[in-house]
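Enquirer: Below are the structure tokens for one structure; questions will follow.
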Amino acid sequence: MDAPTTAMQRFQQWALNPWTVLGCVLAGGLLGWSAPPLARHLGVVGVVYVDLLKMIVLPFMISAVIFSLQNLYRDGGAARIFKRVVVVFIGFSLIVAVLATLCSVLVRPGGNLPAETRAALGKIISADGDSSNTEMAMRGAEPSPHHTDLKDVLQSLIPQNIFASLANGETLKALVFALLFGFAAGQVPTRISGGLHQALETIYHACQTLTRWVNLPVPFVLVCMAASQVAQTGLQPIASMAGFVILFLLVSGMLMALAMALISRRAGVPFGTVMAAMREPFALGVATNNSATCMPAMVSGLVEQLQFARARVELLVPLSISLLRVGAMAYFVCSTLFIAALYGRPMSVPDLGLLVLVSVLSGFASAGMAGVVTVSLVGTICSYLTLPFEAAFILLMAVDPICAMARTAVTVIGSCAAVASICAAPVKL
């Protein structure tokens, strides 16, 4: 049994490697350009794959959130600092989302594109007419733009019937329920809640296994999706992603610099010392695209080099990596505003407020997710703003190997800053 298991793990690592993803997108684009009649029939593979991802997201998210909150309450040390954890996590999330929104609004990646590119993207939208997204024109602003008020926001977040929300795939309503239920379940005595805890752990690990199985054919799926899109629209839309990638890298660099400046202040050490302490977590995040693999390096940097209390750091690092997905939150904002600019959709101030709120909630919902699953959550945000998403999915996937590195690095450094903010300042001898 060891050899097949090892072979499968190696294949999974190869299939989800950023360079494999990029290579498959390029290969699919070449196939779509050279054999359009064949490539157009391959689009159904992507439709089925996205449906499979949606099937897993809700049970995975609910079990992960409730399970994490129960673990938080089970630990006596965590319970004593719970209020500080909530304030810091929410505060960090909102600051990241607002900064990403301001940068995206100022730069507007995806706007002012050449007429040829906008015409090609218009073909994508017209081909998306049978989907659940709203069809939108590519030649200018909508005649009657969508406006959102507080009532719309609350109705879009509060589930009247959780079972109906689950059946309809309403991710954010399910997340609000999971957060409230997790807080309540944490107050139930362990002797009563032990069965629920075990059941949630089983669901969580089963969904992780199912996700690994679904991700096995990712190379083939990406080839089919890229081939289908290029056969329909040509290669011009891919060129529009350069502005988005540059924007997201600049936003990521700014957020990491601010996080390290905060760590420097909390630790009472020079900025250069913090950079040296964060070098290993940053390098691991960029190399592996997996923030969980960075946890030992994060603990080492915060405890051994910056002198924060080990007991608190070892408790808070896993919690922050699991829930405080600031890299994903920034990505959701930048991606959504890129799509809005790409399709000529004006964004009002209430729309931007809703975007910040929904991106933060989606960031918490992305706990334990990575790669294509994270990209697919952009569709949830787009649905609240009546933006088409499936048509832009392959564009985001084409540059995701680069964006995933930045997302992971921001999450890792941002989590270190959150831990430093929650822990007491180191005592200098």
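Letters A, B, ... mark the chains of the structure tokens in the order given; residue numbers begin at 1 per chain; ligand numbers begin at 1, in order shown.
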Excluding same-chain residues fewer than 4 positions from Ile95 (chain A), what lies within 10 Å of it counting only C-alpha atoms, as a ChimeraX atom specification?
Expert: /A:90-91,99-101,255,326,330,356,360
Enquirer: CA of Leu258 (chain A) and CA of Val358 (chain A) are how many Å apart?
Expert: 23.0 Å
Enquirer: Under the rule that only C-alpha atoms are counted, which of A:Ala267, A:Val88, A:Ile394, A:Leu354 is the nearest residue to Cys224 (chain A)?
Expert: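 Closest candidate: A:Ile394.
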Enquirer: Using only C-alpha atoms, which residue out of A:Phe183, A:Phe89, A:Phe338, A:Phe220 lies closest to Gly23 (chain A)?
Expert: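 Of the candidates, the smallest distance to Gly23 (chain A) is held by A:Phe220.
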Enquirer: Choose the residue, out of A:Arg312, A:Arg40, A:Arg212, A:Arg191, that has the smallest atom-to-atom separation from Met8 (chain A); count only C-alpha atoms.
Expert: A:Arg212
Enquirer: Using only C-alpha atoms, which residue out of A:Ala420, A:Leu323, A:Ala178, A:Leu249 lies closest to Arg265 (chain A)?
Expert: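 Checking each candidate against Arg265 (chain A), we get A:Ala420 as the closest.
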Enquirer: Could you check how far CA of Thr374 (chain A) sits from CA of Ala174 (chain A), in Å to one decimal?
Expert: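 One can read the CA of Thr374 (chain A) to CA of Ala174 (chain A) distance as 16.9 Å.
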Enquirer: What lies within 10 Å of region 192-198 of chain A using only C-alpha atoms, ignoring chain neighbours under 2 positions off, as a list in words?
Expert: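 My list of contacting residues is Ser63, Ile66, Phe67, Ser68, Gln70, Asn71, Ala185, Gly186, Gln187, Val188, Pro189, Thr190, Leu200, Glu201, Thr202, Ile203 and Tyr204 of chain A.
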Enquirer: Keeping N, CA and C atoms, export the residues of the selection given above as an mmCIF file, in the first residue's frame.
Expert:
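See result.cif below for the written result:
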data_model
loop_
_atom_site.group_PDB
_atom_site.id
_atom_site.type_symbol
_atom_site.label_atom_id
_atom_site.label_comp_id
_atom_site.auth_asym_id
_atom_site.auth_seq_id
_atom_site.Cartn_x
_atom_site.Cartn_y
_atom_site.Cartn_z
ATOM 1 N N SER A 63 -17.888 22.722 8.333
ATOM 2 C CA SER A 63 -17.186 21.860 9.295
ATOM 3 C C SER A 63 -15.894 22.509 9.766
ATOM 4 N N ILE A 66 -16.784 25.653 12.259
ATOM 5 C CA ILE A 66 -17.303 25.218 13.564
ATOM 6 C C ILE A 66 -16.241 24.424 14.324
ATOM 7 N N PHE A 67 -15.510 23.576 13.617
ATOM 8 C CA PHE A 67 -14.460 22.766 14.244
ATOM 9 C C PHE A 67 -13.377 23.664 14.838
ATOM 10 N N SER A 68 -12.950 24.704 14.097
ATOM 11 C CA SER A 68 -11.908 25.612 14.591
ATOM 12 C C SER A 68 -12.389 26.387 15.819
ATOM 13 N N GLN A 70 -14.711 25.471 17.964
ATOM 14 C CA GLN A 70 -14.783 24.552 19.103
ATOM 15 C C GLN A 70 -13.409 24.323 19.709
ATOM 16 N N ASN A 71 -12.394 24.159 18.856
ATOM 17 C CA ASN A 71 -11.035 23.984 19.355
ATOM 18 C C ASN A 71 -10.577 25.206 20.142
ATOM 19 N N ALA A 185 -21.734 26.535 20.050
ATOM 20 C CA ALA A 185 -21.280 25.174 20.360
ATOM 21 C C ALA A 185 -20.083 25.184 21.297
ATOM 22 N N GLY A 186 -19.270 26.231 21.203
ATOM 23 C CA GLY A 186 -18.121 26.312 22.100
ATOM 24 C C GLY A 186 -18.509 26.494 23.551
ATOM 25 N N GLN A 187 -19.722 26.973 23.809
ATOM 26 C CA GLN A 187 -20.192 27.168 25.181
ATOM 27 C C GLN A 187 -20.789 25.895 25.781
ATOM 28 N N VAL A 188 -21.039 24.900 24.924
ATOM 29 C CA VAL A 188 -21.627 23.648 25.419
ATOM 30 C C VAL A 188 -20.537 22.811 26.085
ATOM 31 N N PRO A 189 -20.810 22.194 27.236
ATOM 32 C CA PRO A 189 -19.800 21.373 27.916
ATOM 33 C C PRO A 189 -19.246 20.272 27.007
ATOM 34 N N THR A 190 -17.978 19.960 27.204
ATOM 35 C CA THR A 190 -17.295 18.988 26.349
ATOM 36 C C THR A 190 -17.959 17.617 26.403
ATOM 37 N N LEU A 200 -17.789 16.579 13.175
ATOM 38 C CA LEU A 200 -17.255 17.665 12.354
ATOM 39 C C LEU A 200 -15.844 17.357 11.875
ATOM 40 N N GLU A 201 -15.052 16.759 12.750
ATOM 41 C CA GLU A 201 -13.689 16.394 12.345
ATOM 42 C C GLU A 201 -13.719 15.365 11.215
ATOM 43 N N THR A 202 -14.664 14.424 11.308
ATOM 44 C CA THR A 202 -14.801 13.423 10.241
ATOM 45 C C THR A 202 -15.194 14.078 8.920
ATOM 46 N N ILE A 203 -16.178 14.992 8.967
ATOM 47 C CA ILE A 203 -16.606 15.698 7.750
ATOM 48 C C ILE A 203 -15.459 16.516 7.178
ATOM 49 N N TYR A 204 -14.726 17.197 8.058
ATOM 50 C CA TYR A 204 -13.618 18.045 7.624
ATOM 51 C C TYR A 204 -12.566 17.231 6.870
#
Enquirer: Any idea what's packed within 12 Å of Leu106 (chain A), counting only C-alpha atoms, ignoring anything in its chain fewer than 2 positions away? Could you give it as an mmCIF file with all heavy atoms, in the first residue's frame?
Expert:
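result.cif written:
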data_model
loop_
_atom_site.group_PDB
_atom_site.id
_atom_site.type_symbol
_atom_site.label_atom_id
_atom_site.label_comp_id
_atom_site.auth_asym_id
_atom_site.auth_seq_id
_atom_site.Cartn_x
_atom_site.Cartn_y
_atom_site.Cartn_z
ATOM 1 N N LEU A 99 -7.844 48.605 2.100
ATOM 2 C CA LEU A 99 -6.647 49.029 1.368
ATOM 3 C C LEU A 99 -6.622 48.452 -0.043
ATOM 4 O O LEU A 99 -6.285 49.154 -1.013
ATOM 5 C CB LEU A 99 -5.389 48.601 2.133
ATOM 6 C CG LEU A 99 -5.099 49.368 3.435
ATOM 7 C CD1 LEU A 99 -3.881 48.770 4.136
ATOM 8 C CD2 LEU A 99 -4.872 50.845 3.148
ATOM 9 N N ALA A 100 -6.980 47.182 -0.175
ATOM 10 C CA ALA A 100 -7.019 46.560 -1.507
ATOM 11 C C ALA A 100 -8.075 47.239 -2.384
ATOM 12 O O ALA A 100 -7.857 47.430 -3.590
ATOM 13 C CB ALA A 100 -7.312 45.069 -1.385
ATOM 14 N N THR A 101 -9.202 47.613 -1.782
ATOM 15 C CA THR A 101 -10.256 48.306 -2.539
ATOM 16 C C THR A 101 -9.779 49.663 -3.037
ATOM 17 O O THR A 101 -9.976 50.022 -4.204
ATOM 18 C CB THR A 101 -11.512 48.475 -1.668
ATOM 19 O OG1 THR A 101 -11.999 47.191 -1.269
ATOM 20 C CG2 THR A 101 -12.605 49.201 -2.428
ATOM 21 N N LEU A 102 -9.148 50.436 -2.155
ATOM 22 C CA LEU A 102 -8.659 51.756 -2.545
ATOM 23 C C LEU A 102 -7.636 51.663 -3.673
ATOM 24 O O LEU A 102 -7.695 52.433 -4.650
ATOM 25 C CB LEU A 102 -8.045 52.462 -1.331
ATOM 26 C CG LEU A 102 -9.018 52.868 -0.218
ATOM 27 C CD1 LEU A 102 -8.270 53.461 0.967
ATOM 28 C CD2 LEU A 102 -10.050 53.860 -0.741
ATOM 29 N N CYS A 103 -6.709 50.724 -3.563
ATOM 30 C CA CYS A 103 -5.691 50.567 -4.611
ATOM 31 C C CYS A 103 -6.324 50.163 -5.937
ATOM 32 O O CYS A 103 -5.965 50.683 -7.004
ATOM 33 C CB CYS A 103 -4.657 49.526 -4.187
ATOM 34 S SG CYS A 103 -3.623 50.024 -2.795
ATOM 35 N N SER A 104 -7.273 49.246 -5.885
ATOM 36 C CA SER A 104 -7.919 48.780 -7.115
ATOM 37 C C SER A 104 -8.760 49.864 -7.768
ATOM 38 O O SER A 104 -8.781 49.992 -8.996
ATOM 39 C CB SER A 104 -8.782 47.547 -6.824
ATOM 40 O OG SER A 104 -8.008 46.485 -6.311
ATOM 41 N N ARG A 108 -7.654 50.761 -11.350
ATOM 42 C CA ARG A 108 -8.664 50.217 -12.268
ATOM 43 C C ARG A 108 -8.057 49.284 -13.310
ATOM 44 O O ARG A 108 -8.093 49.554 -14.513
ATOM 45 C CB ARG A 108 -9.421 51.335 -12.989
ATOM 46 C CG ARG A 108 -10.393 52.088 -12.126
ATOM 47 C CD ARG A 108 -11.343 52.949 -12.924
ATOM 48 N NE ARG A 108 -12.429 52.144 -13.490
ATOM 49 C CZ ARG A 108 -12.587 51.935 -14.783
ATOM 50 N NH1 ARG A 108 -11.741 52.416 -15.662
ATOM 51 N NH2 ARG A 108 -13.600 51.212 -15.215
ATOM 52 N N PRO A 109 -7.454 48.183 -12.887
ATOM 53 C CA PRO A 109 -6.955 47.209 -13.871
ATOM 54 C C PRO A 109 -8.133 46.591 -14.616
ATOM 55 O O PRO A 109 -9.168 46.279 -14.034
ATOM 56 C CB PRO A 109 -6.252 46.159 -13.001
ATOM 57 C CG PRO A 109 -6.965 46.234 -11.697
ATOM 58 C CD PRO A 109 -7.328 47.687 -11.518
ATOM 59 N N GLY A 110 -8.006 46.426 -15.909
ATOM 60 C CA GLY A 110 -9.106 45.898 -16.702
ATOM 61 C C GLY A 110 -9.909 46.975 -17.388
ATOM 62 O O GLY A 110 -10.722 46.686 -18.267
ATOM 63 N N GLY A 111 -9.712 48.234 -17.000
ATOM 64 C CA GLY A 111 -10.402 49.322 -17.671
ATOM 65 C C GLY A 111 -9.581 49.871 -18.833
ATOM 66 O O GLY A 111 -8.382 49.608 -18.951
ATOM 67 N N LEU A 247 -1.036 44.916 -10.321
ATOM 68 C CA LEU A 247 -1.752 45.514 -9.196
ATOM 69 C C LEU A 247 -1.693 44.617 -7.971
ATOM 70 O O LEU A 247 -1.377 45.074 -6.861
ATOM 71 C CB LEU A 247 -3.213 45.773 -9.577
ATOM 72 C CG LEU A 247 -4.131 46.115 -8.390
ATOM 73 C CD1 LEU A 247 -3.803 47.495 -7.832
ATOM 74 C CD2 LEU A 247 -5.593 46.023 -8.780
ATOM 75 N N VAL A 251 -0.118 45.469 -4.331
ATOM 76 C CA VAL A 251 -0.932 45.443 -3.112
ATOM 77 C C VAL A 251 -0.335 44.465 -2.099
ATOM 78 O O VAL A 251 -0.244 44.764 -0.896
ATOM 79 C CB VAL A 251 -2.389 45.058 -3.447
ATOM 80 C CG1 VAL A 251 -3.185 44.776 -2.176
ATOM 81 C CG2 VAL A 251 -3.062 46.164 -4.246
ATOM 82 N N CYS A 334 -9.348 42.525 -5.302
ATOM 83 C CA CYS A 334 -8.692 42.909 -6.559
ATOM 84 C C CYS A 334 -9.323 42.187 -7.747
ATOM 85 O O CYS A 334 -9.547 42.793 -8.807
ATOM 86 C CB CYS A 334 -7.196 42.605 -6.486
ATOM 87 S SG CYS A 334 -6.284 43.609 -5.286
ATOM 88 N N LEU A 337 -12.946 43.672 -8.510
ATOM 89 C CA LEU A 337 -12.890 44.992 -9.123
ATOM 90 C C LEU A 337 -12.259 44.935 -10.510
ATOM 91 O O LEU A 337 -12.608 45.735 -11.388
ATOM 92 C CB LEU A 337 -12.117 45.959 -8.222
ATOM 93 C CG LEU A 337 -12.869 46.368 -6.944
ATOM 94 C CD1 LEU A 337 -12.004 47.259 -6.069
ATOM 95 C CD2 LEU A 337 -14.174 47.062 -7.283
ATOM 96 N N PHE A 338 -11.366 43.988 -10.728
ATOM 97 C CA PHE A 338 -10.834 43.785 -12.082
ATOM 98 C C PHE A 338 -11.947 43.336 -13.026
ATOM 99 O O PHE A 338 -12.077 43.846 -14.137
ATOM 100 C CB PHE A 338 -9.724 42.740 -12.041
ATOM 101 C CG PHE A 338 -9.340 42.219 -13.400
ATOM 102 C CD1 PHE A 338 -8.564 42.977 -14.257
ATOM 103 C CD2 PHE A 338 -9.765 40.968 -13.817
ATOM 104 C CE1 PHE A 338 -8.218 42.500 -15.514
ATOM 105 C CE2 PHE A 338 -9.428 40.479 -15.065
ATOM 106 C CZ PHE A 338 -8.649 41.255 -15.917
ATOM 107 N N ALA A 341 -14.283 46.293 -13.758
ATOM 108 C CA ALA A 341 -13.706 47.224 -14.730
ATOM 109 C C ALA A 341 -13.658 46.608 -16.119
ATOM 110 O O ALA A 341 -13.887 47.275 -17.127
ATOM 111 C CB ALA A 341 -12.304 47.636 -14.281
#
Enquirer: Could you work out how far CA of Gly353 (chain A) lies from CA of Ile402 (chain A), giving the answer in Å with one decimal?
Expert: 27.6 Å
